[in-house]
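Working notes for the structure below.
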Amino acid sequence: MEHKDYYNILGVNRFSSLDEIKRAYRKLARQFHPDVSKEKNADEKFKEIREAYAILKDPAKREAYDLLAPNWQTGPDGFQPPTDWERSFGFKDKNYPQGDTVGLSSFFQGMFGGNTSSRDNGARVSSMKGENIHSKIIIDLEDSINGAMRSLAIQIPEIDNHGRVVNNQRTLHVDIPKGIGQGQTILLAGQGNPGVGDGPAGDLLLEVIFKTHKLYRLRDQDIYLKLPISPWEAVLGATIQVPTPTGNVDVKIPENSQYGQRLRLNGRGLPSKDPGDFYVVLRIVLPPATDPKVKAIYEQIRDQLDFNPRNGLF
């Protein structure tokens with residue numbers, strides 16, 4: 001049985017609203033109506049458009065299609081819906097009048113149009129694994145540095161006692177592995193959409209997103225800290241205590257350091273088999289000249305030093 005991607009036929013996506021689906025249908029119906037279209041395949045295209053709209057405009061049929069259709073072609077003979085699955089969605093009478101199913105695909109009739117030859121050949125699959133769910137989990141940088149256990153509340157479709165699909169909130173305990181990076185995925189097996197029949201549930205795939213940190217910036221496995229220093233620390237050099245996610249570290253500032261210069265602490269980034277590094281990025285901060293004494297010192301430096309930072313520009 002050929003799979004039909006009704007969303008693709010109408011040029012919409014799975015998250016499109018009913019209004020968007022209606023607009024797409026009307027536009028395509030005008031374009032491919034056999035009475036007006038000069039396209040060679042207009043008649044077949046128009047039938048596909050009508051069929052897709054018949055499912056996606058109906059909330060119950062669309063829900064059933066979203067659950068079953070993605071895995072329609074599983075197994076050597078293609079997937080057949082489990083026996084009496086229609087009743088799980090309230091489709092008590094799946095046998096459409098003959099006039100409603102004439103010209104519709106075997107895929108449509110196999111799901112919504114009653115018995116077809118493909119249903120009667122015994123090639124049924126009584127179970128199917130549920131769809132995977134993709135979501136995000138937001139963590140602190142320290143969670144990746146040290147490893148952590150976090151609770152996550154998520155809405156997951158489940159089948160109730162009446163066989164209907166309902167959304168239930170489930171609280172999951174998620175193990176955050178040490179060293180996991182931005183954009184990587186944590187897999188929770190069996191926590192996705194419910195399976196069909198005796199099929200197992202799908203998996204929950206969580207994309208890791210880091211909260212914005214007040215001190216650090218993350219780039220791949222490396223951690224960056226903007227470190228404010230005074231002009232004399234930059235010129236004369238100094239040893240300064242620097243906060244890192246694993247504790248304070250004494251860092252030596254070389255003489256004649258420049259604004260934006262980076263100092264690397266090897267292996268103090270995200271932990272892994274090949275750990276990242278920790279970078280100290282120097283930011284020279286000038287004392288404000290609001291105090292007359294400070295202003296006098298600036299004037300003295302200006303008068304006694306022959307220094308022009310713009311030499312070489314001209």
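Residue numbering restarts at 1 in every chain; chains get A, B, ... in the order shown in the structure tokens, and ligands count up from 1 in that same order.
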Report as a PyMOL selection string: the residues of region 158-267 of chain A with a DSSP assignment of alpha helix (DSSP H), based on the backbone of this structure.
chain A and resi 231-236
Selection: 12 Å around Asp43 (chain A), only C-alpha atoms, excl. self and same-chain fewer than 3 positions, as a list in words
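Counting only C-alpha atoms, the residues come to Ala29, Gln31, Phe32, His33, Pro34, Asp35, Val36, Ser37, Lys38, Glu39, Lys40, Phe46, Lys47, Glu48, Ile49, Arg50 and Gly103 of chain A.
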Store the residues picked out above, limited to C-alpha atoms, as a short mmCIF file (atom, residue, chain, number, x, y, z; two decimals), in the first residue's frame.
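Result went into result-v6.cif, see below:
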```
data_model
loop_
_atom_site.label_atom_id
_atom_site.label_comp_id
_atom_site.auth_asym_id
_atom_site.auth_seq_id
_atom_site.Cartn_x
_atom_site.Cartn_y
_atom_site.Cartn_z
CA ALA A 29 -8.27 23.23 -5.99
CA GLN A 31 -5.24 25.52 -9.87
CA PHE A 32 -5.87 21.85 -10.62
CA HIS A 33 -9.66 21.62 -11.10
CA PRO A 34 -10.11 19.49 -14.24
CA ASP A 35 -12.59 21.98 -15.70
CA VAL A 36 -10.07 24.81 -15.78
CA SER A 37 -6.58 23.32 -15.51
CA LYS A 38 -4.49 22.55 -18.57
CA GLU A 39 -2.06 20.35 -16.60
CA LYS A 40 -1.81 16.82 -18.01
CA PHE A 46 -7.17 17.17 -7.96
CA LYS A 47 -8.18 13.80 -6.48
CA GLU A 48 -5.06 13.81 -4.27
CA ILE A 49 -5.81 17.34 -3.08
CA ARG A 50 -9.44 16.46 -2.20
CA GLY A 103 -11.39 7.30 -6.90
#
```
Could you list, as a PyMOL selection string, every residue within 8 Å of Glu233 (chain A), counting only C-alpha atoms and ignoring same-chain residues fewer than 5 positions away?
chain A and resi 238+253+255
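Distances from A:Glu63, A:Lys129, A:Pro228, A:Gln221 to Asn266 (chain A) were compared using only C-alpha atoms, and the smallest one belongs to A:Gln221.
The spacing separating CA of Lys211 (chain A) from CA of Ile139 (chain A) amounts to 6.0 Å.
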Neighbour list for Leu215 (chain A) as a VMD selection string, cut-off 9 Å, only C-alpha atoms, skip fewer than 5 positions in-chain
chain A and resid 224 to 226 243
Output file for the selection above: N, CA, C and O atoms, as a PDB file, in the first residue's frame:
```
ATOM      1  N   TYR A 224      34.672  30.498  28.266  1.00  0.00           N
ATOM      2  CA  TYR A 224      35.326  31.801  28.205  1.00  0.00           C
ATOM      3  C   TYR A 224      34.845  32.689  29.354  1.00  0.00           C
ATOM      4  O   TYR A 224      33.652  32.701  29.680  1.00  0.00           O
ATOM      5  N   LEU A 225      35.780  33.424  29.942  1.00  0.00           N
ATOM      6  CA  LEU A 225      35.477  34.405  30.983  1.00  0.00           C
ATOM      7  C   LEU A 225      36.118  35.732  30.617  1.00  0.00           C
ATOM      8  O   LEU A 225      37.326  35.796  30.349  1.00  0.00           O
ATOM      9  N   LYS A 226      35.330  36.805  30.603  1.00  0.00           N
ATOM     10  CA  LYS A 226      35.881  38.149  30.414  1.00  0.00           C
ATOM     11  C   LYS A 226      36.358  38.651  31.766  1.00  0.00           C
ATOM     12  O   LYS A 226      35.559  38.825  32.691  1.00  0.00           O
ATOM     13  N   PRO A 243      37.759  33.168  39.031  1.00  0.00           N
ATOM     14  CA  PRO A 243      36.748  32.139  39.297  1.00  0.00           C
ATOM     15  C   PRO A 243      36.556  31.234  38.088  1.00  0.00           C
ATOM     16  O   PRO A 243      36.383  31.706  36.958  1.00  0.00           O
TER      17      PRO A 243
END
```
Fewer than 3 positions away in the same chain doesn't count, so skip those; otherwise give me all residues within 12 Å of region 181-183 of chain A, counting only C-alpha atoms, as a PyMOL selection string.
chain A and resi 135-145+147+176-178+186+205-212+217-223+269-272+275-276
